[in-house]
Structure formats: C-alpha cells, structure tokens
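Taking it in order: structure first as structure tokens, then the write-up.
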Amino acid sequence: MEEVIKIEGGQKLKGSVRISGSKNATVALIPASILATKGKVNIFGVPNISDVGHLSQLLRSLNVDVIQHDNEHLEIDPSVMVNIALDHPAVTKLRASYYFMGALLGRYKQVNMKMPGGCYLGPRPIDLHLKGFEALGAQIEYSQGSYKIFAKELIGAKIYLDIPSVGATINIMMAAVFAKGRTSIENAAKEPEIIDVATMLNKMGAQIRGAGTNIITIDGVEELVGCTHEIIPDRIEAGTFIVIAAAAADEMVIENVIPHHLEALLSKLEEMGVPMTIEIDKVTVRGSDHLKDVDIQTMPYPGFPTDLQQPLTPLLTRANGESTVKETIYIERFKHCIELQRMGANINIIPASAIIHGPSRLYGDKVTATDLRCGASLVVAGLMAEGVTEIHDIYHIDRGYENLDGKLRDLGANIWRENVE
Ligand code: EPZ
C-alpha cells in the first residue's frame, strides 16, 4: 500500500492561506542551537514538516533535550549533550544533516558522522564546506560513508567560496563562532535564511557581521548562551502558493510573506501579466487567462530561486508563446518536466534548460514526485488539469511543505490523500 495525493483539477480557489516558517532556515537553526553551551534555545514559527522530526531525532541521539510544543514552538536544551558519532538513520533522510558538521566542529572541534542524504538534484558535493573547515585548521578523514573532522585548534581565516553556496556559508559560519580571531567568508551566499541563522547566533552572543552581503565576518567568542528566536516565513512556500493562485484561483491572499524575499518571482509574474496586489506582509493574486510567455534563469539570491522554477513551470504551460527556464545552479533539475509531459505539457528539455510551448491543456494522470519541488510542481499541475491527477512518492512533499493538501482544501481545492495498491 502507498499513500498518494489525488487532485481533481478545475476548482477555482479562493480565500487566504498563512505561510509557515522557512524550511531552509529551520534545518540550519536546529543544528545551530547546539552551539549554546548553556541555557535553552526556544525557536518559534517552526514548520510541521518531516525534516524537523528527523533533525530532532538527531539532536536526541546526542542527548540534547528537545520538546516539540504545539503552536510551532521547539524547545532545545543542549546543556548536557554528548558528542558521540552521529550515525542515526535519520542522517541520510536530509542533506541538511550536514549542518551538524559545522555545529559540532564549532563546539567540540571534533565530528564523526555519516555522509548526509536528501533530494537527488544532480551532483551535490560538499567540497566548499570541507574547504572552509580545513581553512579554519580542521583535518578531514572520509571512509565507508563517514566523515571524521577534527582540529586541535580552530583559527579564524579568510575563506573565498568559488560558488556562493548557501550550505557552505552557513556551515562555515557555525564552525567559526568559537574560532580564535576573525573569519571572513568572501563570495558568501546572500539568501535570507543565512541572515536568519546569523541573527539567532548573534542573539546567543556570536559576533557575526555582514550576513546577507557577499562578505561575512565572524569574530570568535568564548561561549554562546540560549535565546529565543522566531523563524522568517518560507519564501519558497510563499512563492509556490502565489503561483498556485495565478494558476487556479479567482482571488487568493497569501499571508505572512516578506515580498522583498520574492522580488525575482514577483517581477516575472508581473511580466506574465498576473494581477497582484503586493502589501507589507501579504500578496493578493487574482487569476487570469491571458498570460504572456517569459524567460527564467535561476541564480543565487536575489536572482530567481532554483527552488521555484519547478512549481512555476506548470503555469508557463498556460502562457501564450514560448517560455524558457535556464538552470545555472542544478543543471539536471528538470525531472518534473517529464511528468508534466505525461500530463500533456508541450516541453522540450535541452541541456540545463526547458522550453515550454503554450498554451497547452493539462490532463490528470498518474505521476511521481522525484524531489520536493517536483512534487510541488505536480500539485500545481494537478490543480490546473482536467480530470484526476494521482501523485506518488509524496513523502518528498511532506519533507518541505506543512500540510500542503490541507491548506489547499481550505482554499476550495478538491485534493485528498488515499492509500493505493
Ligand atoms: C540550499 O541547498 C537549499 N537547501 C536548496 O533548497 C536550494 O536549492 C539551494 O540552497 C540553492 O538555493 C537548504 O537550504 C536546506 P548550495 P544547498 O550549496 O545549500 C554547488 C529545497 O528544495 N555546491 O547553495 O545544498 C551545488 O552543487 C532545496 O528546499 C558545490 O559545488 O545549495 C549547487 O550547484 C533543494 N560544492 C550550487 O553549488 C559545495 O560544497 C549551489 O548549492 C556546495 C555546493
């Protein structure tokens, strides 16, 4: 038996939806909390997604006390934690397990953990993370799928990232909080989630400056203490619902949004002719049948997010003309197009790009989510399609979207979960 999501397309959605806390901030903030050598870390706005459950299991395997209160509040007490080998099966459930490398190296100068897992989006090395750790004075051994990283002393260093990697930027930031002297990360990634992690670490007593710019400095301190932190809204969930509204709503209000975090998407949707009203913390979207084709190129923040090109692609099938999506971050991130072709989309896939010819009608079919944002794109397509769409491997969706089908049902979508043979 397998649980699938089924959608009968064509319903006109209306109403308002509240965006949850950012998954990509959350999966870094939870490991970062172990840098508090005394006191508790209380994190609010934690989304109810399976990644949080897996990271909490990893914390507990290190004897960190984790209480998942209701109303999105996680209480973490790392004061009596132990630095044993991190080989809990949950390590392989998500790539972001690698944040324990930076946090454990920062706190103990010693890490012993299995290689992290996560979505397959093509080659996803962690060479830049390891280069940063070595620059701080760590030695790295890798054997039988496990990393051993250790340092007699961590000394601040100047680290240049060949690619503005989100994960490497955050991991090095965490490894450097207790290092002697100043660390500077050059060509750092500028994603809002990085600012959120730096904000929480500074509340704990860290000395991090420049997060959100391409040069971040971290001045080592003696200790960090617990704090309280509210996670920023999830800009990728918000972008997904804004696209859903453009694709399937009469009128929909997306609340708990920071529009500044979505400028690239919003400007592309305006270019397509999607009617929107953008306010300080919400976006109102009205449906439209006259959409113009656009060209998208994914770039590091503040450019167009790679995570939103997949959910946007079904909407492009409705635009008049030829739209293109060019990936500069994950050049193989087009498996969703194969599923959309099965639903009737007219898409050519060429190296690192997809060309979407529109308008074309979509028809419900059996499809499979190959990764988190592919799953989201199939939900968007299912809402637009004629007939019933059956989405398999929906565990990908539950990793990163809190109650996606429930939120859509509240907006009038005919979407449900069903166990099938
Ligand atoms: C983060 O992944 C996000 N995940 C991804 O979101 C997102 O797609 C990605 O950033 C890009 O924005 C989390 O934050 C948990 P990167 P991350 O390091 O940090 C290459 C989702 O759907 N690279 O910025 O792993 C890498 O191969 C997920 O929520 C190296 O070559 O991404 C990629 O081409 C999917 N060596 C590029 O850099 C390294 O050491 C950007 O990767 C690290 C990365």
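Letters A, B, ... go to the chains of the structure tokens in the order shown; residues in each chain start at 1; ligands are counted from 1 in the same order.
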
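Based on only C-alpha atoms and all ligand atoms, the protein and nucleic acid residues found within 6 Å of ligand 1 are, by chain and then by number, A:Asn24, A:Ala96, A:Pro123, A:Arg124, A:Pro125, A:Ile126, A:Asp127, A:Leu128, A:His129, A:Ile163, A:Ser165, A:Val166, A:Gly167, A:Ala168, A:Thr306, A:Asp307, A:Ile329, A:Tyr330, A:Leu372, A:Arg373.
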
From region 248-318 of chain A, collect each residue whose DSSP state is strand (DSSP E or B) and return the set as a ChimeraX atom specification. /A:249-255,276-278,282-286,292,295-298,304

Spatial neighbours of Ala248 (chain A), max dist 6 Å, only C-alpha atoms, sep filter under 2 positions, as a VMD selection string: chain A and resid 12 to 13 244 to 246

Take the residues from that selection and put them in a file with all heavy atoms, as a PDB file, in the first residue's frame.
```
ATOM      1  N   LYS A  12     -11.949  26.513  -8.741  1.00  0.00           N
ATOM      2  CA  LYS A  12     -11.426  27.866  -8.605  1.00  0.00           C
ATOM      3  C   LYS A  12     -11.159  28.121  -7.125  1.00  0.00           C
ATOM      4  O   LYS A  12     -12.080  28.079  -6.300  1.00  0.00           O
ATOM      5  CB  LYS A  12     -12.439  28.885  -9.149  1.00  0.00           C
ATOM      6  CG  LYS A  12     -12.389  29.025 -10.690  1.00  0.00           C
ATOM      7  CD  LYS A  12     -11.078  29.633 -11.110  1.00  0.00           C
ATOM      8  CE  LYS A  12     -10.930  29.693 -12.623  1.00  0.00           C
ATOM      9  NZ  LYS A  12      -9.507  29.889 -13.009  1.00  0.00           N
ATOM     10  N   LEU A  13      -9.917  28.355  -6.753  1.00  0.00           N
ATOM     11  CA  LEU A  13      -9.571  28.540  -5.342  1.00  0.00           C
ATOM     12  C   LEU A  13      -9.866  29.972  -4.914  1.00  0.00           C
ATOM     13  O   LEU A  13      -9.761  30.905  -5.718  1.00  0.00           O
ATOM     14  CB  LEU A  13      -8.079  28.249  -5.129  1.00  0.00           C
ATOM     15  CG  LEU A  13      -7.558  26.910  -5.675  1.00  0.00           C
ATOM     16  CD1 LEU A  13      -6.112  26.709  -5.256  1.00  0.00           C
ATOM     17  CD2 LEU A  13      -8.419  25.751  -5.206  1.00  0.00           C
ATOM     18  N   ILE A 244       0.355  29.006  -7.382  1.00  0.00           N
ATOM     19  CA  ILE A 244      -0.913  28.250  -7.334  1.00  0.00           C
ATOM     20  C   ILE A 244      -2.083  29.210  -7.534  1.00  0.00           C
ATOM     21  O   ILE A 244      -3.016  28.938  -8.305  1.00  0.00           O
ATOM     22  CB  ILE A 244      -1.043  27.486  -5.994  1.00  0.00           C
ATOM     23  CG1 ILE A 244      -0.124  26.258  -6.007  1.00  0.00           C
ATOM     24  CG2 ILE A 244      -2.494  27.100  -5.709  1.00  0.00           C
ATOM     25  CD1 ILE A 244       0.009  25.548  -4.673  1.00  0.00           C
ATOM     26  N   ALA A 245      -2.017  30.378  -6.894  1.00  0.00           N
ATOM     27  CA  ALA A 245      -3.111  31.354  -7.028  1.00  0.00           C
ATOM     28  C   ALA A 245      -3.221  31.819  -8.476  1.00  0.00           C
ATOM     29  O   ALA A 245      -4.317  31.872  -9.050  1.00  0.00           O
ATOM     30  CB  ALA A 245      -2.840  32.546  -6.116  1.00  0.00           C
ATOM     31  N   ALA A 246      -2.083  32.104  -9.100  1.00  0.00           N
ATOM     32  CA  ALA A 246      -2.101  32.560 -10.503  1.00  0.00           C
ATOM     33  C   ALA A 246      -2.646  31.468 -11.421  1.00  0.00           C
ATOM     34  O   ALA A 246      -3.283  31.750 -12.431  1.00  0.00           O
ATOM     35  CB  ALA A 246      -0.691  32.944 -10.942  1.00  0.00           C
TER      36      ALA A 246
END
```

Using only C-alpha atoms, which residue out of A:Leu58, A:Ala25, A:Leu105, A:Ile159 lies closest to Asp87 (chain A)? A:Leu58

Which residues are close to region 388-405 of chain A, i.e. within 6 Å by only C-alpha atoms, leaving aside same-chain residues fewer than 6 positions away? Reply as number ranges by chain. A: 4-8, 48-51, 364-369, 371-372, 375, 382

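Of the listed residues (A:Arg60, A:Arg318, A:Arg409, A:Arg18), A:Arg318 comes nearest to Ala247 (chain A); the distances count only C-alpha atoms.
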
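Of the residues listed (A:Asn187, A:Ser146, A:Ser61, A:Gln110), A:Asn187 shows the shortest atom-to-atom separation from Pro164 (chain A); distances use only C-alpha atoms.
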
Per DSSP on the backbone, filter region 24-242 of chain A down to the residues in alpha helix (DSSP H) and report them as number ranges by chain. A: 24-32, 50-61, 99-108, 127-135, 166-176, 192-203, 235-242

Using only C-alpha atoms, which protein or nucleic acid residues come within 9 Å of region 255-263 of chain A? Drop anything in the same chain fewer than 6 positions from it, and give the result as a PyMOL selection string. chain A and resi 16-20+191-192+232-236+238-239+278-284+301-305

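Residues surrounding region 195-210 of chain A within 8 Å are Ala25, Ala28, Leu29, Ala32, Ala36, Ile170, Met173, Val177, Ile216, Thr217, Ile218, Asp219, Gly220, Val221, Glu223, Leu224, Val225, Gly226, Cys227, Thr228, His229, Ile231 and Ile232 of chain A [only C-alpha atoms; sequence separation below 6 positions excluded].
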
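Of the residues under consideration (A:Ala211, A:Leu269, A:Ile356, A:Met276), A:Leu269 shows the shortest atom-to-atom contact distance to Leu291 (chain A) when counting only C-alpha atoms.
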
Could you pull the residues within 10 Å of Gln68 (chain A), counting only C-alpha atoms, minus those fewer than 6 positions along the same chain, as a PyMOL selection string? chain A and resi 43+46+48+52-53+56+74-76

Using only C-alpha atoms, the best pick from A:Thr317, A:Ser184, A:Thr213, A:Thr370 as closest to Ala345 (chain A) would be A:Thr317

Shortest contact to Asn42 (chain A), candidates A:Gly412, A:Gly102, A:Gly287, A:Pro78, atoms counted only C-alpha atoms, goes to A:Pro78

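For the atom pair formed by CA of Gln11 (chain A) and CA of Gly273 (chain A), the distance is 21.3 Å, given to one decimal.
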
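Note that the spacing between CA of Gly344 (chain A) and CA of Thr328 (chain A) amounts to 26.3 Å.
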
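The spacing separating CA of Phe44 (chain A) from CA of Val27 (chain A) amounts to 13.3 Å.
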